[in-house]
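Participant: Right, I'll just put the structure down here and ask away after.
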Amino acid sequence: MHVIATVRGVRVYLSGQTCFKRLATGIISSLKSVHPFLARPRCLQTSVENSVAATEKSSDLATKCDKRKNHDTDEPETSVKGKKRRGAGGKKLRPGDRYIPPPQKRNPGVSFNQEHFNETSYYFEGGLRKVFPYYFDFKTHCKGRWIGKTLEEVFKNEFRSQSMEYYLKVAKEGRIRMNETPVEDLSFVLRDKDVMRNTVHRHEPPVVDTPLEILADDGEVLVVNKPASIPVHPCGRFRHNTVIFILGKERGISELHTVHRLDRLTSGVLLFARTLETSQKLDKLVRDRQLEKEYVCRVEGEFPEDEVICEESILDVSFRVGLCRVDPKGKECRTVFQRLSFNGRTSVVRCLPLTGRTHQIRVHLQYLGFPILNDPIYGSSAWGPHRGKRGLVEKCNEELLQALVEEHRSQESSHLLDITDDCTEGKREEGKKHGDSHEKSDGSSERDKSGGSCEAQVGSCDGDKKLHGCESVNVNTNNTWNKEPENPSPATSNGNQSDAADSAQKTPSGTRDHLCSECKLVRPDPTKKELIMYLHALRYKGPDFEYSTCLPVWAKEDWEEED
């Protein structure tokens with residue numbers, strides 16, 4: 001409250017608690033000087049002073065009430081922080097409301113642990129590392145477009161990799177849970193914040209059985225020579241057949257921080273940081289482009305003897321498949337190429353990527369007309385008669401993607417594209433593009449699939465943080481239908497893959513699931529040649545370190561490709 005008063009010809013501005021007190025005192029002084037006889041009765045002064053005292057008392061009481069109200073308001077927040085609230089946030093559910101468990105807090109310091117590693121085990125057969133099928137929970141939150149729809153509608157329109165008959169059967173067996181409660185009726189209507197959990201019988205594609213070679217491990221940095229065909233971390237259909245899980249299961253190494261990543265089909269030097277401080281230090285080197293990278297590859301045809309520099313911009317065409325092409329709208333990039341040898345049919349080329357865009361080396365070599373030998377994407381005839389040379393592609397992005405998928409499906413080699421069965425059925429491209437493949441600051445070449453189909457969704461890990469078990473995926477170990485392998489001692493490896501391969505084991509019948517469509521299929525195993533692309537990360541060098549490998553066999557000058 002603001003009061004404006006005129007005392008003895010002077011305008012006085014008063015506000016707040018002192019307003020009435022000062023005004024009354026001034027009036028009394030004025031009365032004494034102007035009319036002395038009015039000051040004689042004590043009644044006027046006493047009345048005024050009593051009013052002032054009452055005002056101060058009332059103000060103090062109001063202040064205490066406000067403090068009490070503020071204290072009461074803060075109590076629920078304190079109880080939340082102290083984790084004393086239970087049930088539906090400490091409130092009674094209204095009629096018609098359903099209880100949704102609060103989200104679990106993720107501890108960024110927790111990596112994949114032994115519980116994850118024990119989900120299944122490896123066996124070796126025909127030169128391949130294989131994973132026994134296992135049960136696994138995929139978790140997804142209700143999308144905005146699902147609100148008000150039934151589970152049946154969502155499965156029919158969104159999750160088309162399986163038939164409705166399949167979803168009805170798994171629901172009756174309790175494999176579909178809404179807010180941790182089994183749902184047998186697919187007429188269940190979805191609401192905002194609902195959480196769905198879907199238990200699937202998971203099959204992983206095989207990878208080559210080449211052991212992981214540790215190049216260096218000083219307690220701060222772990223350097224691995226990654227074989228081709230093995231992803232760096234869980235993505236797509238891969239989980240246990242990844243570098244992270246192999247290191248954890250076979251060598252007991254966990255809590256690693258990624259410094260950079262390599263494409264699944266690319267082999268070579270792969271760096272991990274052991275500590276957060278080392279990770280931040282190496283990450284800064286990557287951002288400041290102080291990390292020199294050298295690759296070697298074998299390309300089709302006779303590459304020019306002189307140094308070649310390609311500076312064409314690269315555009316990400318498909319997030320799901322990981323398809324890129326040269327396009328002026330893309331990101332700027334630069335790669336330097338030098339020919340090392342030529343055997344009459346193919347050339348070995350040294351590659352120096354000065355930037356780190358997705359598939360940068362592969363796309364630039366395709367543009368120059370020398371695609372990498374055995375590249376399943378950028379050496380494909382789906383690009384047309386010119387196969388993308390000088391950017392000549394007579395198809396739009398959608399037509400190119402469809403042609404590429406159809407070509408590999410006809411050759412039963414769709415596993416080389418890292419795609420799911422429903423990715424070309426008009427599904428929306430989801431998620432944020434992760435940018436570059438070879439630099440952690442710009443993202444990962446191992447695409448983290450999310451959204452879309454619950455059966456295509458796999459835990460992803462942020463490249464800038466410690467790898468950890470994602471909240472969206474959990475192993476299902478307590479279900480009554482979870483059958484254990486009949487063979488209690490599957491082949492394991494600690495670098496002795498050759499011994500395991502000699503005693504090759506067939507997948508035991510105990511790992512089959514009567515509702516799994518994958519169990520009913522007979523797929524031919526890929527050959528080692530199909531799983532290897534002739535691109536190798538040869539050397540990574542920083543201001544005070546350098547890690548390198550020997551040249552791969554296929555990079556030797558006298559190497560000839562077997563027919």
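Convention: chains lettered A, B, ... in structure tokens order; per-chain residue numbering from 1; ligands numbered from 1 as shown.
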Write out as a VMD selection string which residues come within 8 Å of Glu180 in chain A when counting only C-alpha atoms, dropping same-chain ones fewer than 2 positions away.

Facilitator: chain A and resid 101 177 to 178 182 195 to 197

Participant: Please identify which residues in range 99-216 of chain A DSSP calls alpha helix (DSSP H) from the backbone, and express them as a list in words.

Facilitator: Gln114, Glu115, His116, Phe117, Leu151, Glu152, Glu153, Val154, Phe155, Lys156, Asn157, Glu158, Met164, Glu165, Tyr166, Tyr167, Leu168, Lys169, Val170, Ala171 and Lys172 of chain A

Participant: For range 353-355 of chain A, please output as a list in words all residues within 8 Å (counting only C-alpha atoms; exclusion window: fewer than 4 positions along the same chain).

Facilitator: Arg289, Glu292, Lys293, Glu294, Cys333, Arg334, Thr335, Val336, Gln360 and Ile361 of chain A

Participant: Find the residue from A:Arg387, A:Arg298, A:His203, A:Arg409 that sits nearest to His536 in chain A; use only C-alpha atoms when measuring.

Facilitator: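 Under the stated criterion, the closest residue is A:Arg298.
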
Participant: Check the smallest atom-to-atom distance from each of A:Arg350, A:His240, A:Arg160, A:Lys149 to Arg539 in chain A using only C-alpha atoms, then report the winner.

Facilitator: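 Going through A:Arg350, A:His240, A:Arg160, A:Lys149 one by one, the smallest distance to Arg539 in chain A is for A:Arg350.
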
Participant: May I ask which of the residues A:Phe238, A:Phe545, A:Phe155, A:Tyr295 is the closest one to Pro205 in chain A, counting only C-alpha atoms?

Facilitator: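 Nearest to Pro205 in chain A: A:Phe238.
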
Participant: Determine the nearest neighbour of Val348 in chain A from the options A:Val232, A:Leu270, A:Ile372, A:Leu212, counting only C-alpha atoms.

Facilitator: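 Closest candidate: A:Ile372.
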
Participant: Between CA of Leu538 in chain A and CA of Asn225 in chain A, what is the distance in Å, rounded to a tenth?

Facilitator: 9.3 Å

Participant: Using only C-alpha atoms, which of A:Lys281, A:Arg129, A:Arg264, A:Lys395 sits nearest Pro376 in chain A?

Facilitator: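 Once distances to Pro376 in chain A are computed over only C-alpha atoms, the minimum belongs to A:Arg264.
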
Participant: Need the shell around Tyr367 in chain A: protein/DNA/RNA residues with any atom at most 12 Å away, counting only C-alpha atoms. Skip same-chain ones fewer than 2 positions apart. Format as a short mmCIF file (atom, residue, chain, number, x, y, z; two decimals) with N, CA and C atoms, in the first residue's frame?

Facilitator:
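What landed in part-v6.cif:
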data_model
loop_
_atom_site.label_atom_id
_atom_site.label_comp_id
_atom_site.auth_asym_id
_atom_site.auth_seq_id
_atom_site.Cartn_x
_atom_site.Cartn_y
_atom_site.Cartn_z
N ILE A 309 42.04 -34.99 -53.62
CA ILE A 309 41.32 -34.37 -52.50
C ILE A 309 39.85 -34.22 -52.90
N CYS A 310 38.96 -34.76 -52.08
CA CYS A 310 37.52 -34.65 -52.34
C CYS A 310 36.89 -33.79 -51.25
N GLU A 311 36.15 -32.77 -51.66
CA GLU A 311 35.53 -31.83 -50.72
C GLU A 311 34.02 -31.73 -50.94
N GLU A 312 33.42 -32.78 -51.46
CA GLU A 312 31.98 -32.76 -51.72
C GLU A 312 31.20 -32.89 -50.41
N SER A 313 30.12 -32.11 -50.29
CA SER A 313 29.27 -32.18 -49.10
C SER A 313 28.48 -33.47 -49.09
N ILE A 314 28.20 -33.98 -47.90
CA ILE A 314 27.51 -35.25 -47.75
C ILE A 314 26.20 -35.03 -46.98
N CYS A 324 23.83 -42.42 -47.08
CA CYS A 324 24.22 -41.04 -47.36
C CYS A 324 24.55 -40.89 -48.84
N ARG A 325 24.62 -39.64 -49.30
CA ARG A 325 24.98 -39.37 -50.69
C ARG A 325 25.57 -37.97 -50.78
N VAL A 326 26.29 -37.72 -51.84
CA VAL A 326 26.84 -36.38 -52.09
C VAL A 326 25.69 -35.45 -52.47
N ASP A 327 25.63 -34.31 -51.79
CA ASP A 327 24.55 -33.35 -52.05
C ASP A 327 25.00 -31.98 -51.56
N THR A 335 38.39 -35.06 -47.63
CA THR A 335 39.16 -36.30 -47.50
C THR A 335 40.32 -36.28 -48.50
N GLN A 360 31.92 -41.07 -44.60
CA GLN A 360 32.60 -40.07 -45.43
C GLN A 360 33.54 -40.70 -46.46
N ILE A 361 34.41 -41.61 -46.03
CA ILE A 361 35.37 -42.22 -46.95
C ILE A 361 34.64 -43.01 -48.03
N ARG A 362 33.66 -43.77 -47.64
CA ARG A 362 32.92 -44.62 -48.58
C ARG A 362 32.16 -43.79 -49.62
N VAL A 363 31.52 -42.71 -49.16
CA VAL A 363 30.74 -41.87 -50.07
C VAL A 363 31.66 -41.11 -51.04
N HIS A 364 32.77 -40.60 -50.54
CA HIS A 364 33.69 -39.85 -51.41
C HIS A 364 34.33 -40.76 -52.45
N LEU A 365 34.67 -42.00 -52.07
CA LEU A 365 35.24 -42.92 -53.05
C LEU A 365 34.21 -43.32 -54.09
N GLY A 369 34.26 -42.54 -58.29
CA GLY A 369 34.18 -43.65 -59.24
C GLY A 369 35.01 -44.85 -58.85
N PHE A 370 35.46 -44.91 -57.59
CA PHE A 370 36.27 -46.03 -57.10
C PHE A 370 35.69 -46.53 -55.78
N PRO A 371 34.51 -47.18 -55.84
CA PRO A 371 33.90 -47.66 -54.59
C PRO A 371 34.77 -48.73 -53.93
N ILE A 372 34.65 -48.82 -52.63
CA ILE A 372 35.40 -49.83 -51.88
C ILE A 372 34.94 -51.22 -52.30
N TYR A 378 27.49 -48.74 -51.04
CA TYR A 378 27.96 -47.76 -52.03
C TYR A 378 28.62 -48.41 -53.25
N GLY A 379 28.69 -49.73 -53.24
CA GLY A 379 29.14 -50.43 -54.44
C GLY A 379 28.01 -51.17 -55.10
N TRP A 383 22.28 -48.08 -57.35
CA TRP A 383 22.50 -46.67 -57.63
C TRP A 383 22.35 -46.34 -59.11
N HIS A 386 25.77 -45.80 -63.37
CA HIS A 386 26.99 -45.09 -62.99
C HIS A 386 27.39 -45.38 -61.53
N ARG A 387 26.51 -46.03 -60.80
CA ARG A 387 26.75 -46.38 -59.39
C ARG A 387 27.18 -45.16 -58.56
N GLY A 388 26.56 -44.03 -58.84
CA GLY A 388 26.78 -42.83 -58.04
C GLY A 388 28.02 -42.05 -58.39
N LYS A 389 28.73 -42.41 -59.45
CA LYS A 389 29.94 -41.68 -59.82
C LYS A 389 29.59 -40.25 -60.21
N ARG A 390 30.36 -39.31 -59.67
CA ARG A 390 30.15 -37.87 -59.89
C ARG A 390 28.74 -37.43 -59.50
N GLY A 391 28.11 -38.18 -58.62
CA GLY A 391 26.79 -37.81 -58.13
C GLY A 391 25.66 -38.11 -59.09
N LEU A 392 25.93 -38.91 -60.13
CA LEU A 392 24.91 -39.24 -61.12
C LEU A 392 24.02 -40.36 -60.60
N VAL A 393 22.87 -40.00 -60.09
CA VAL A 393 21.89 -40.96 -59.59
C VAL A 393 20.53 -40.56 -60.15
#
